[in-house]
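Raw run_15.cif, mmCIF, C-alpha atoms:
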```cif
data_data
loop_
_atom_site.label_atom_id
_atom_site.label_comp_id
_atom_site.auth_asym_id
_atom_site.auth_seq_id
_atom_site.Cartn_x
_atom_site.Cartn_y
_atom_site.Cartn_z
CA MET A 26 29.92 -47.95 -0.67
CA LEU A 27 31.26 -46.57 2.59
CA THR A 28 27.82 -46.72 4.18
CA THR A 29 27.99 -50.53 3.97
CA THR A 30 31.62 -50.83 5.10
CA THR A 31 31.94 -52.10 8.63
CA ILE A 32 35.29 -50.51 9.49
CA VAL A 33 37.33 -47.88 7.65
CA GLU A 34 41.01 -48.05 8.60
CA ASN A 35 42.57 -45.73 6.01
CA TYR A 36 40.72 -42.41 6.32
CA PRO A 37 42.87 -39.70 7.94
CA GLY A 38 41.97 -38.54 11.43
CA PHE A 39 40.72 -41.86 12.81
CA PRO A 40 43.74 -43.78 14.17
CA GLU A 41 41.53 -46.52 15.63
CA GLY A 42 39.41 -46.80 12.49
CA ILE A 43 35.75 -45.82 12.18
CA ASP A 44 32.52 -47.49 11.11
CA GLY A 45 31.80 -46.55 7.49
CA TYR A 46 28.20 -45.56 8.16
CA GLU A 47 29.25 -43.40 11.10
CA LEU A 48 31.92 -41.66 9.00
CA MET A 49 29.38 -40.77 6.31
CA THR A 50 26.84 -39.60 8.91
CA ARG A 51 29.45 -37.32 10.46
CA MET A 52 30.28 -35.88 7.04
CA GLN A 53 26.59 -35.22 6.40
CA LYS A 54 26.10 -33.46 9.75
CA GLN A 55 29.19 -31.34 9.15
CA ALA A 56 27.88 -30.26 5.73
CA GLU A 57 24.42 -29.51 7.19
CA ARG A 58 26.02 -27.33 9.84
CA PHE A 59 27.18 -25.04 7.03
CA GLY A 60 23.82 -24.94 5.26
CA ALA A 61 23.76 -28.02 3.04
CA ARG A 62 20.33 -29.56 2.51
CA VAL A 63 20.25 -33.33 2.10
CA LYS A 64 17.53 -35.09 0.15
CA PHE A 65 17.45 -38.86 -0.30
CA GLY A 66 15.94 -40.33 -3.44
CA THR A 67 16.55 -42.25 -6.64
CA VAL A 68 17.57 -40.30 -9.75
CA GLU A 69 15.44 -41.65 -12.58
CA SER A 70 16.72 -39.41 -15.38
CA ALA A 71 18.99 -36.44 -16.00
CA ASP A 72 18.83 -33.87 -18.79
CA VAL A 73 21.94 -31.70 -19.08
CA SER A 74 21.21 -30.61 -22.65
CA THR A 75 19.11 -27.70 -21.41
CA GLU A 76 19.62 -24.88 -18.93
CA PRO A 77 18.78 -25.14 -16.13
CA PHE A 78 19.68 -28.82 -15.88
CA LEU A 79 16.74 -31.08 -15.05
CA LEU A 80 16.81 -34.10 -12.76
CA THR A 81 13.91 -36.43 -12.12
CA VAL A 82 14.11 -37.76 -8.56
CA ASP A 83 11.38 -40.17 -7.47
CA GLY A 84 9.01 -38.61 -10.00
CA GLU A 85 9.79 -35.02 -8.98
CA THR A 86 11.59 -32.64 -11.37
CA ILE A 87 14.47 -30.65 -9.87
CA ALA A 88 16.09 -27.78 -11.77
CA CYS A 89 19.68 -26.72 -11.07
CA GLU A 90 22.24 -24.29 -12.46
CA THR A 91 25.17 -26.61 -11.72
CA LEU A 92 25.48 -30.32 -11.12
CA ILE A 93 28.19 -32.43 -9.49
CA ILE A 94 28.05 -36.08 -10.52
CA ALA A 95 29.37 -38.24 -7.69
CA SER A 96 27.48 -41.44 -8.46
CA GLY A 97 30.38 -43.77 -7.74
CA ALA A 98 31.16 -47.15 -9.23
CA GLY A 99 30.02 -50.62 -8.33
CA HIS A 100 32.26 -53.64 -7.91
CA LYS A 101 31.77 -56.49 -10.32
CA HIS A 102 30.61 -59.50 -8.34
CA LEU A 103 31.06 -63.21 -8.88
CA GLY A 104 27.31 -63.65 -8.50
CA LEU A 105 27.49 -66.43 -5.92
CA PRO A 106 24.88 -66.67 -3.13
CA SER A 107 27.69 -67.39 -0.63
CA GLU A 108 29.52 -64.26 -1.81
CA HIS A 109 26.56 -62.09 -0.86
CA LEU A 110 26.05 -63.82 2.48
CA LEU A 111 29.69 -63.32 3.50
CA GLU A 112 30.19 -59.76 2.25
CA ASN A 113 32.02 -57.79 4.99
CA LYS A 114 32.51 -61.08 6.82
CA GLY A 115 35.68 -62.02 4.98
CA VAL A 116 34.56 -61.24 1.43
CA THR A 117 35.74 -57.82 0.33
CA TYR A 118 36.43 -55.84 -2.84
CA CYS A 119 39.25 -53.58 -1.67
CA ALA A 120 42.54 -54.80 -0.23
CA THR A 121 43.80 -51.33 0.65
CA CYS A 122 40.54 -50.69 2.52
CA ASP A 123 40.36 -53.96 4.46
CA GLY A 124 43.62 -55.89 4.10
CA ALA A 125 45.12 -54.65 7.37
CA LEU A 126 42.16 -55.80 9.48
CA PRO A 127 43.25 -58.05 12.36
CA HIS A 128 41.37 -61.16 11.20
CA PHE A 129 43.34 -61.22 7.93
CA ARG A 130 46.79 -60.98 9.50
CA ASN A 131 49.02 -64.05 9.20
CA GLN A 132 46.21 -65.93 7.47
CA ALA A 133 45.88 -67.50 4.02
CA LEU A 134 44.06 -65.11 1.67
CA VAL A 135 42.55 -65.46 -1.80
CA VAL A 136 42.49 -62.83 -4.55
CA VAL A 137 40.22 -63.45 -7.55
CA GLY A 138 41.24 -61.81 -10.83
CA GLY A 139 44.09 -61.51 -13.30
CA GLY A 140 44.47 -57.86 -14.23
CA ASP A 141 46.60 -55.06 -12.82
CA SER A 142 44.12 -54.42 -10.01
CA ALA A 143 44.17 -58.05 -8.89
CA CYS A 144 47.97 -58.07 -8.97
CA GLU A 145 48.13 -54.86 -6.95
CA GLU A 146 45.70 -56.32 -4.42
CA ALA A 147 47.75 -59.51 -4.12
CA MET A 148 51.02 -57.60 -3.72
CA TYR A 149 49.51 -55.39 -1.05
CA LEU A 150 48.11 -58.36 0.87
CA THR A 151 51.53 -60.02 1.13
CA ARG A 152 52.23 -57.47 3.88
CA PHE A 153 49.58 -59.06 6.05
CA GLY A 154 48.69 -62.59 4.93
CA SER A 155 50.80 -65.70 5.39
CA VAL A 156 50.15 -66.71 1.77
CA VAL A 157 48.10 -65.12 -1.03
CA TYR A 158 46.43 -67.40 -3.58
CA LEU A 159 45.76 -65.61 -6.87
CA VAL A 160 42.89 -67.36 -8.66
CA HIS A 161 42.55 -66.64 -12.37
CA ARG A 162 40.34 -68.22 -15.01
CA ARG A 163 43.11 -68.22 -17.64
CA ASP A 164 46.61 -69.70 -17.74
CA GLN A 165 48.35 -66.33 -17.71
CA LEU A 166 47.70 -62.92 -16.20
CA ARG A 167 46.04 -60.10 -18.13
CA ALA A 168 48.09 -57.57 -16.18
CA SER A 169 50.88 -55.50 -17.71
CA LYS A 170 54.15 -57.37 -18.19
CA ILE A 171 56.03 -55.62 -15.40
CA MET A 172 53.13 -56.03 -12.94
CA ALA A 173 52.73 -59.72 -13.82
CA GLU A 174 56.46 -60.37 -13.40
CA ARG A 175 56.56 -58.58 -10.07
CA THR A 176 53.53 -60.50 -8.83
CA LEU A 177 54.65 -63.95 -9.91
CA SER A 178 58.14 -63.44 -8.51
CA ASN A 179 56.78 -62.77 -5.02
CA PRO A 180 57.29 -65.95 -2.96
CA LYS A 181 54.14 -65.31 -0.91
CA ILE A 182 51.86 -65.26 -3.98
CA LYS A 183 50.70 -68.64 -5.28
CA PRO A 184 48.83 -68.52 -8.62
CA ILE A 185 46.02 -70.97 -9.27
CA TRP A 186 45.45 -71.07 -13.03
CA ASP A 187 42.44 -71.95 -15.19
CA SER A 188 40.16 -71.87 -12.17
CA VAL A 189 37.01 -70.16 -10.92
CA VAL A 190 35.45 -69.87 -7.48
CA THR A 191 32.22 -71.87 -7.34
CA GLU A 192 31.49 -71.38 -3.63
CA ILE A 193 32.79 -69.39 -0.67
CA LEU A 194 32.73 -71.15 2.68
CA ASP A 195 31.20 -70.95 5.21
CA PRO A 196 27.92 -69.01 5.56
CA LYS A 197 26.91 -71.37 8.38
CA GLN A 198 29.84 -70.12 10.44
CA ASP A 199 29.13 -66.52 9.35
CA LYS A 200 32.75 -66.07 8.23
CA VAL A 201 35.07 -67.05 5.40
CA THR A 202 36.88 -70.33 5.98
CA GLY A 203 37.77 -71.27 2.41
CA VAL A 204 36.81 -71.38 -1.26
CA ARG A 205 35.72 -74.19 -3.53
CA LEU A 206 37.44 -73.97 -6.92
CA GLN A 207 36.83 -75.65 -10.25
CA ASN A 208 39.49 -76.08 -12.87
CA LEU A 209 37.95 -75.04 -16.18
CA LYS A 210 40.08 -77.48 -18.19
CA THR A 211 39.99 -80.62 -16.03
CA LYS A 212 36.67 -79.84 -14.23
CA LYS A 213 38.36 -81.00 -11.03
CA GLN A 214 37.14 -79.34 -7.83
CA THR A 215 39.44 -78.40 -4.97
CA LEU A 216 39.05 -76.72 -1.60
CA VAL A 217 41.44 -73.97 -0.50
CA GLU A 218 41.33 -72.87 3.12
CA CYS A 219 41.54 -69.11 3.70
CA ALA A 220 40.34 -66.34 6.00
CA GLY A 221 39.54 -63.78 3.33
CA VAL A 222 38.47 -63.49 -0.30
CA PHE A 223 39.36 -60.31 -2.17
CA ILE A 224 37.44 -60.02 -5.44
CA ALA A 225 39.22 -57.88 -8.05
CA ILE A 226 37.49 -58.51 -11.35
CA GLY A 227 36.69 -54.90 -12.20
CA HIS A 228 34.28 -52.04 -11.58
CA ILE A 229 31.24 -50.58 -13.33
CA PRO A 230 30.91 -46.77 -13.07
CA ASN A 231 27.36 -45.57 -12.35
CA THR A 232 27.23 -43.17 -15.29
CA GLN A 233 24.54 -44.69 -17.53
CA PHE A 234 22.31 -41.59 -17.40
CA PHE A 235 25.00 -39.50 -19.07
CA LYS A 236 26.13 -41.87 -21.81
CA GLY A 237 26.36 -40.09 -25.16
CA VAL A 238 25.95 -36.69 -23.52
CA ILE A 239 29.06 -36.30 -21.36
CA ASP A 240 32.51 -37.44 -22.53
CA MET A 241 33.57 -40.77 -21.05
CA ASP A 242 36.36 -43.24 -21.62
CA GLU A 243 35.78 -46.68 -23.14
CA ALA A 244 34.85 -48.16 -19.74
CA GLY A 245 32.26 -45.50 -18.96
CA TYR A 246 34.28 -43.35 -16.55
CA ILE A 247 33.54 -39.63 -16.92
CA VAL A 248 36.58 -37.69 -18.14
CA PRO A 249 36.96 -34.17 -16.68
CA LYS A 250 38.17 -31.48 -19.08
CA ARG A 251 38.96 -28.38 -17.01
CA GLY A 252 39.66 -29.11 -13.35
CA MET A 253 36.65 -31.21 -12.36
CA GLU A 254 34.35 -29.77 -15.06
CA THR A 255 33.07 -32.24 -17.63
CA SER A 256 32.57 -31.70 -21.35
CA VAL A 257 29.26 -29.98 -20.46
CA PRO A 258 29.89 -26.54 -18.91
CA GLY A 259 28.36 -26.35 -15.44
CA VAL A 260 28.47 -30.12 -14.89
CA PHE A 261 31.26 -31.35 -12.64
CA VAL A 262 32.39 -34.79 -11.51
CA ALA A 263 33.99 -36.32 -8.42
CA GLY A 264 34.84 -39.70 -6.98
CA ASP A 265 34.79 -43.20 -8.35
CA CYS A 266 32.59 -42.47 -11.36
CA SER A 267 35.62 -40.58 -12.70
CA ASP A 268 38.51 -42.30 -10.93
CA ARG A 269 39.48 -45.73 -12.23
CA VAL A 270 42.90 -45.74 -10.52
CA TYR A 271 42.79 -44.89 -6.80
CA ARG A 272 39.19 -45.50 -5.66
CA GLN A 273 39.81 -44.39 -2.08
CA ALA A 274 37.55 -42.44 0.26
CA VAL A 275 40.25 -39.83 0.82
CA THR A 276 40.85 -39.23 -2.89
CA ALA A 277 37.10 -39.09 -3.57
CA ALA A 278 36.72 -36.51 -0.79
CA GLY A 279 39.50 -34.43 -2.34
CA MET A 280 37.87 -34.60 -5.76
CA GLY A 281 34.56 -33.59 -4.19
CA CYS A 282 36.21 -30.55 -2.64
CA ALA A 283 37.76 -29.59 -6.00
CA ALA A 284 34.42 -30.06 -7.80
CA ALA A 285 32.61 -27.89 -5.24
CA ILE A 286 35.18 -25.09 -5.64
CA ASP A 287 34.93 -25.31 -9.43
CA ALA A 288 31.11 -25.23 -9.23
CA GLU A 289 31.17 -22.22 -6.90
CA ARG A 290 33.47 -20.31 -9.28
CA TYR A 291 31.26 -21.25 -12.22
CA LEU A 292 28.18 -19.88 -10.44
CA ALA A 293 30.00 -16.69 -9.46
CA LYS A 294 30.96 -16.10 -13.10
CA LEU A 295 27.42 -16.97 -14.25
CA ASN A 296 25.82 -14.45 -11.91
CA GLN A 297 28.21 -11.54 -12.48
#
```

Before anything else, please render the file you have as structure tokens.
Amino acid sequence: MLTTTTIVENYPGFPEGIDGYELMTRMQKQAERFGARVKFGTVESADVSTEPFLLTVDGETIACETLIIASGAGHKHLGLPSEHLLENKGVTYCATCDGALPHFRNQALVVVGGGDSACEEAMYLTRFGSVVYLVHRRDQLRASKIMAERTLSNPKIKPIWDSVVTEILDPKQDKVTGVRLQNLKTKKQTLVECAGVFIAIGHIPNTQFFKGVIDMDEAGYIVPKRGMETSVPGVFVAGDCSDRVYRQAVTAAGMGCAAAIDAERYLAKLNQ
């Protein structure tokens, strides 16, 4: 996801922020300097039931003694054409990544969702926005009781119940200027002016290849057993396909480091 992020403000070492694509390119070059070989392709299948493990990448079979799964997780989208057109132009999926950007400061902001994540996003955005509208399709939050109480007691957060976003304005201006809402009970449509829309309706981990083979939780996140090793010895995991809590570049990088160390130790033991 970082390769499509325009500006990263919360990765250590870059006080002025850095373009997401540039950050990832720098990481790649640094790894290559120490001997890493980078190959781009689409993984079509993975077989970790045999040794060596077998990956099919663009029709080619690759055998490996260890494997680190760092396939990430995708944001759930509203599915609106205007949402796609305004992504990174006021539509975002991570308040802690983008909330402090200058064009959101002292502006009205909208958070879509009703769970703990949406509440956390709304609470965080009160530091920057003038008002935060929390749009939820039900008449009460799905978040935990303490999180819901904390959110609704914040004077800067204004809940909008029983409503869904039907359109994000304005692709013609190439920036977010507001949202069109529809009340699911009355069918009445309203327009709310805002400078940013933060969509927090959940994530989908990219772990489908390993379903039924590697232990996962009910949402499909891979659960490490020993350090970063999965339930299959020699297979390790890092980043958002395992982390349903933090989902930050810095935490994913730390998990990647831990997984690499675990993999190196596994290989050393294997080749004794």

Query raised in the report: Just so the selection is clear, what residues does the PyMOL selection byres ((chain A and resi 228-230) around 9) cover here, as a PyMOL selection string?
Result: chain A and resi 96-102+225-227+231-233+244-247+265-267+269

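Omitting A:Phe235 and its sequence neighbours fewer than 6 positions away, and counting only C-alpha atoms, the residues within 10 Å are Ser70, Ala71, Asp72, Val73, Ile94, Met241, Gly245 and Ile247 of chain A.
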
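Residue neighbourhood of A:Gly124, excluding near-sequence residues (fewer than 5 positions): Thr117, Cys119, Phe129, Arg130, Glu146, Tyr149, Leu150, Arg152, Phe153, Gly154, Gly221 and Phe223 of chain A, at 9 Å, using all atoms listed in the file.
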
I need the residues from that last selection saved to file as an mmCIF file, keeping the file's coordinate frame (with C-alpha atoms), if you can.
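The result, written out as out.cif:
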```cif
data_model
loop_
_atom_site.group_PDB
_atom_site.id
_atom_site.type_symbol
_atom_site.label_atom_id
_atom_site.label_comp_id
_atom_site.auth_asym_id
_atom_site.auth_seq_id
_atom_site.Cartn_x
_atom_site.Cartn_y
_atom_site.Cartn_z
ATOM 1 C CA THR A 117 35.740 -57.820 0.330
ATOM 2 C CA CYS A 119 39.250 -53.580 -1.670
ATOM 3 C CA PHE A 129 43.340 -61.220 7.930
ATOM 4 C CA ARG A 130 46.790 -60.980 9.500
ATOM 5 C CA GLU A 146 45.700 -56.320 -4.420
ATOM 6 C CA TYR A 149 49.510 -55.390 -1.050
ATOM 7 C CA LEU A 150 48.110 -58.360 0.870
ATOM 8 C CA ARG A 152 52.230 -57.470 3.880
ATOM 9 C CA PHE A 153 49.580 -59.060 6.050
ATOM 10 C CA GLY A 154 48.690 -62.590 4.930
ATOM 11 C CA GLY A 221 39.540 -63.780 3.330
ATOM 12 C CA PHE A 223 39.360 -60.310 -2.170
#
```

Query raised in the report: Can you list, as a PyMOL selection string, the residues that the PyMOL selection byres ((chain A and resi 81-93) around 10) selects here?
Result: chain A and resi 64-73+76-80+94-96+253-255+258-263+281+284-285+287-289+291-292+295

Report task. May I ask which of the residues A:Thr202, A:Thr215, A:Gln132, A:Ser169 is the closest one to A:Val189, counting all atoms listed in the file? Result -> A:Thr215

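All residues that come within 10 Å of the coordinates (37.1, -75.7, -9.8), counting all atoms listed in the file, are given as Arg162, Asp187, Ser188, Val189, Val190, Thr191, Glu192, Val204, Arg205, Leu206, Gln207, Asn208, Leu209, Lys210, Thr211, Lys212, Lys213, Gln214, Thr215 and Leu216 of chain A.
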
Requested in this report: Could you tell me how far atom CA of A:Phe39 lies from atom CA of A:Cys282, in Å and to one decimal?
Outcome: 19.7 Å

Please extract stretch 129-237 of chain A and write it out with C-alpha atoms, as a PDB file, in the first residue's frame.
```pdb
ATOM      1  CA  PHE A 129      -7.004  18.298   6.816  1.00  0.00           C
ATOM      2  CA  ARG A 130      -6.100  20.691   9.623  1.00  0.00           C
ATOM      3  CA  ASN A 131      -8.938  22.794  11.039  1.00  0.00           C
ATOM      4  CA  GLN A 132     -11.322  21.324   8.471  1.00  0.00           C
ATOM      5  CA  ALA A 133     -14.509  19.276   8.774  1.00  0.00           C
ATOM      6  CA  LEU A 134     -13.713  15.572   8.331  1.00  0.00           C
ATOM      7  CA  VAL A 135     -15.841  12.455   7.838  1.00  0.00           C
ATOM      8  CA  VAL A 136     -15.149   8.968   9.192  1.00  0.00           C
ATOM      9  CA  VAL A 137     -17.197   6.075   7.791  1.00  0.00           C
ATOM     10  CA  GLY A 138     -17.680   3.059  10.069  1.00  0.00           C
ATOM     11  CA  GLY A 139     -18.923   2.028  13.487  1.00  0.00           C
ATOM     12  CA  GLY A 140     -16.395  -0.371  14.982  1.00  0.00           C
ATOM     13  CA  ASP A 141     -13.394   0.141  17.234  1.00  0.00           C
ATOM     14  CA  SER A 142     -11.199   1.119  14.285  1.00  0.00           C
ATOM     15  CA  ALA A 143     -13.618   3.809  13.142  1.00  0.00           C
ATOM     16  CA  CYS A 144     -13.860   5.170  16.679  1.00  0.00           C
ATOM     17  CA  GLU A 145     -10.076   5.225  17.027  1.00  0.00           C
ATOM     18  CA  GLU A 146      -9.796   7.039  13.698  1.00  0.00           C
ATOM     19  CA  ALA A 147     -12.391   9.607  14.750  1.00  0.00           C
ATOM     20  CA  MET A 148     -10.736  10.184  18.125  1.00  0.00           C
ATOM     21  CA  TYR A 149      -7.348  10.631  16.494  1.00  0.00           C
ATOM     22  CA  LEU A 150      -8.713  13.095  13.935  1.00  0.00           C
ATOM     23  CA  THR A 151     -10.121  15.388  16.640  1.00  0.00           C
ATOM     24  CA  ARG A 152      -6.515  16.540  17.119  1.00  0.00           C
ATOM     25  CA  PHE A 153      -6.528  18.056  13.655  1.00  0.00           C
ATOM     26  CA  GLY A 154     -10.044  18.602  12.300  1.00  0.00           C
ATOM     27  CA  SER A 155     -12.490  21.280  13.379  1.00  0.00           C
ATOM     28  CA  VAL A 156     -15.280  18.694  13.569  1.00  0.00           C
ATOM     29  CA  VAL A 157     -15.397  14.948  12.841  1.00  0.00           C
ATOM     30  CA  TYR A 158     -18.619  13.453  11.472  1.00  0.00           C
ATOM     31  CA  LEU A 159     -18.895   9.732  12.219  1.00  0.00           C
ATOM     32  CA  VAL A 160     -21.203   8.134   9.647  1.00  0.00           C
ATOM     33  CA  HIS A 161     -22.620   4.729  10.562  1.00  0.00           C
ATOM     34  CA  ARG A 162     -25.277   2.621   8.883  1.00  0.00           C
ATOM     35  CA  ARG A 163     -26.851   1.579  12.207  1.00  0.00           C
ATOM     36  CA  ASP A 164     -28.312   3.532  15.124  1.00  0.00           C
ATOM     37  CA  GLN A 165     -25.564   2.523  17.547  1.00  0.00           C
ATOM     38  CA  LEU A 166     -21.860   1.784  17.329  1.00  0.00           C
ATOM     39  CA  ARG A 167     -20.481  -1.747  17.013  1.00  0.00           C
ATOM     40  CA  ALA A 168     -17.401  -0.710  18.975  1.00  0.00           C
ATOM     41  CA  SER A 169     -16.644  -1.908  22.490  1.00  0.00           C
ATOM     42  CA  LYS A 170     -18.627  -0.141  25.208  1.00  0.00           C
ATOM     43  CA  ILE A 171     -15.722   1.879  26.582  1.00  0.00           C
ATOM     44  CA  MET A 172     -14.583   2.943  23.093  1.00  0.00           C
ATOM     45  CA  ALA A 173     -18.125   3.926  22.089  1.00  0.00           C
ATOM     46  CA  GLU A 174     -18.616   5.964  25.269  1.00  0.00           C
ATOM     47  CA  ARG A 175     -15.297   7.732  24.848  1.00  0.00           C
ATOM     48  CA  THR A 176     -16.073   8.530  21.223  1.00  0.00           C
ATOM     49  CA  LEU A 177     -19.602   9.805  21.734  1.00  0.00           C
ATOM     50  CA  SER A 178     -18.576  11.947  24.703  1.00  0.00           C
ATOM     51  CA  ASN A 179     -16.035  13.849  22.604  1.00  0.00           C
ATOM     52  CA  PRO A 180     -17.584  17.238  21.724  1.00  0.00           C
ATOM     53  CA  LYS A 181     -15.776  17.370  18.367  1.00  0.00           C
ATOM     54  CA  ILE A 182     -17.312  14.091  17.140  1.00  0.00           C
ATOM     55  CA  LYS A 183     -20.792  14.308  15.627  1.00  0.00           C
ATOM     56  CA  PRO A 184     -22.432  10.933  14.871  1.00  0.00           C
ATOM     57  CA  ILE A 185     -24.696  10.596  11.855  1.00  0.00           C
ATOM     58  CA  TRP A 186     -26.819   7.482  12.377  1.00  0.00           C
ATOM     59  CA  ASP A 187     -28.594   5.104   9.990  1.00  0.00           C
ATOM     60  CA  SER A 188     -26.762   6.597   7.032  1.00  0.00           C
ATOM     61  CA  VAL A 189     -24.501   5.568   4.165  1.00  0.00           C
ATOM     62  CA  VAL A 190     -22.296   7.551   1.800  1.00  0.00           C
ATOM     63  CA  THR A 191     -23.735   7.460  -1.715  1.00  0.00           C
ATOM     64  CA  GLU A 192     -21.257   9.858  -3.331  1.00  0.00           C
ATOM     65  CA  ILE A 193     -18.033  11.677  -2.489  1.00  0.00           C
ATOM     66  CA  LEU A 194     -17.666  15.164  -3.921  1.00  0.00           C
ATOM     67  CA  ASP A 195     -16.033  16.482  -6.018  1.00  0.00           C
ATOM     68  CA  PRO A 196     -14.066  14.588  -8.693  1.00  0.00           C
ATOM     69  CA  LYS A 197     -14.437  17.600 -11.001  1.00  0.00           C
ATOM     70  CA  GLN A 198     -12.404  19.685  -8.568  1.00  0.00           C
ATOM     71  CA  ASP A 199      -9.966  16.781  -8.049  1.00  0.00           C
ATOM     72  CA  LYS A 200     -10.374  17.015  -4.268  1.00  0.00           C
ATOM     73  CA  VAL A 201     -12.855  16.135  -1.536  1.00  0.00           C
ATOM     74  CA  THR A 202     -15.363  18.889  -0.820  1.00  0.00           C
ATOM     75  CA  GLY A 203     -18.148  16.872   0.802  1.00  0.00           C
ATOM     76  CA  VAL A 204     -20.206  13.685   0.927  1.00  0.00           C
ATOM     77  CA  ARG A 205     -23.742  12.894  -0.104  1.00  0.00           C
ATOM     78  CA  LEU A 206     -25.506  10.753   2.506  1.00  0.00           C
ATOM     79  CA  GLN A 207     -28.698   8.745   2.481  1.00  0.00           C
ATOM     80  CA  ASN A 208     -30.625   7.878   5.602  1.00  0.00           C
ATOM     81  CA  LEU A 209     -31.499   4.194   5.363  1.00  0.00           C
ATOM     82  CA  LYS A 210     -34.742   4.613   7.321  1.00  0.00           C
ATOM     83  CA  THR A 211     -36.173   7.827   5.873  1.00  0.00           C
ATOM     84  CA  LYS A 212     -34.377   7.626   2.467  1.00  0.00           C
ATOM     85  CA  LYS A 213     -33.672  11.345   2.847  1.00  0.00           C
ATOM     86  CA  GLN A 214     -30.474  12.588   1.200  1.00  0.00           C
ATOM     87  CA  THR A 215     -28.231  15.220   2.744  1.00  0.00           C
ATOM     88  CA  LEU A 216     -24.961  16.892   1.825  1.00  0.00           C
ATOM     89  CA  VAL A 217     -22.175  17.279   4.386  1.00  0.00           C
ATOM     90  CA  GLU A 218     -19.263  19.545   3.516  1.00  0.00           C
ATOM     91  CA  CYS A 219     -15.820  18.213   4.454  1.00  0.00           C
ATOM     92  CA  ALA A 220     -12.187  18.202   3.350  1.00  0.00           C
ATOM     93  CA  GLY A 221     -11.478  14.540   3.980  1.00  0.00           C
ATOM     94  CA  VAL A 222     -13.179  11.153   4.096  1.00  0.00           C
ATOM     95  CA  PHE A 223     -11.591   8.433   6.213  1.00  0.00           C
ATOM     96  CA  ILE A 224     -13.048   5.010   5.443  1.00  0.00           C
ATOM     97  CA  ALA A 225     -12.774   2.559   8.352  1.00  0.00           C
ATOM     98  CA  ILE A 226     -15.035  -0.365   7.528  1.00  0.00           C
ATOM     99  CA  GLY A 227     -12.440  -3.115   7.902  1.00  0.00           C
ATOM    100  CA  HIS A 228      -9.598  -4.938   6.175  1.00  0.00           C
ATOM    101  CA  ILE A 229      -9.197  -8.155   4.206  1.00  0.00           C
ATOM    102  CA  PRO A 230      -5.863  -9.966   4.738  1.00  0.00           C
ATOM    103  CA  ASN A 231      -4.292 -11.310   1.530  1.00  0.00           C
ATOM    104  CA  THR A 232      -3.896 -14.859   2.822  1.00  0.00           C
ATOM    105  CA  GLN A 233      -6.264 -16.851   0.599  1.00  0.00           C
ATOM    106  CA  PHE A 234      -3.499 -19.117  -0.759  1.00  0.00           C
ATOM    107  CA  PHE A 235      -2.798 -20.467   2.715  1.00  0.00           C
ATOM    108  CA  LYS A 236      -6.328 -21.028   3.974  1.00  0.00           C
ATOM    109  CA  GLY A 237      -6.696 -24.459   5.568  1.00  0.00           C
TER     110      GLY A 237
END
```
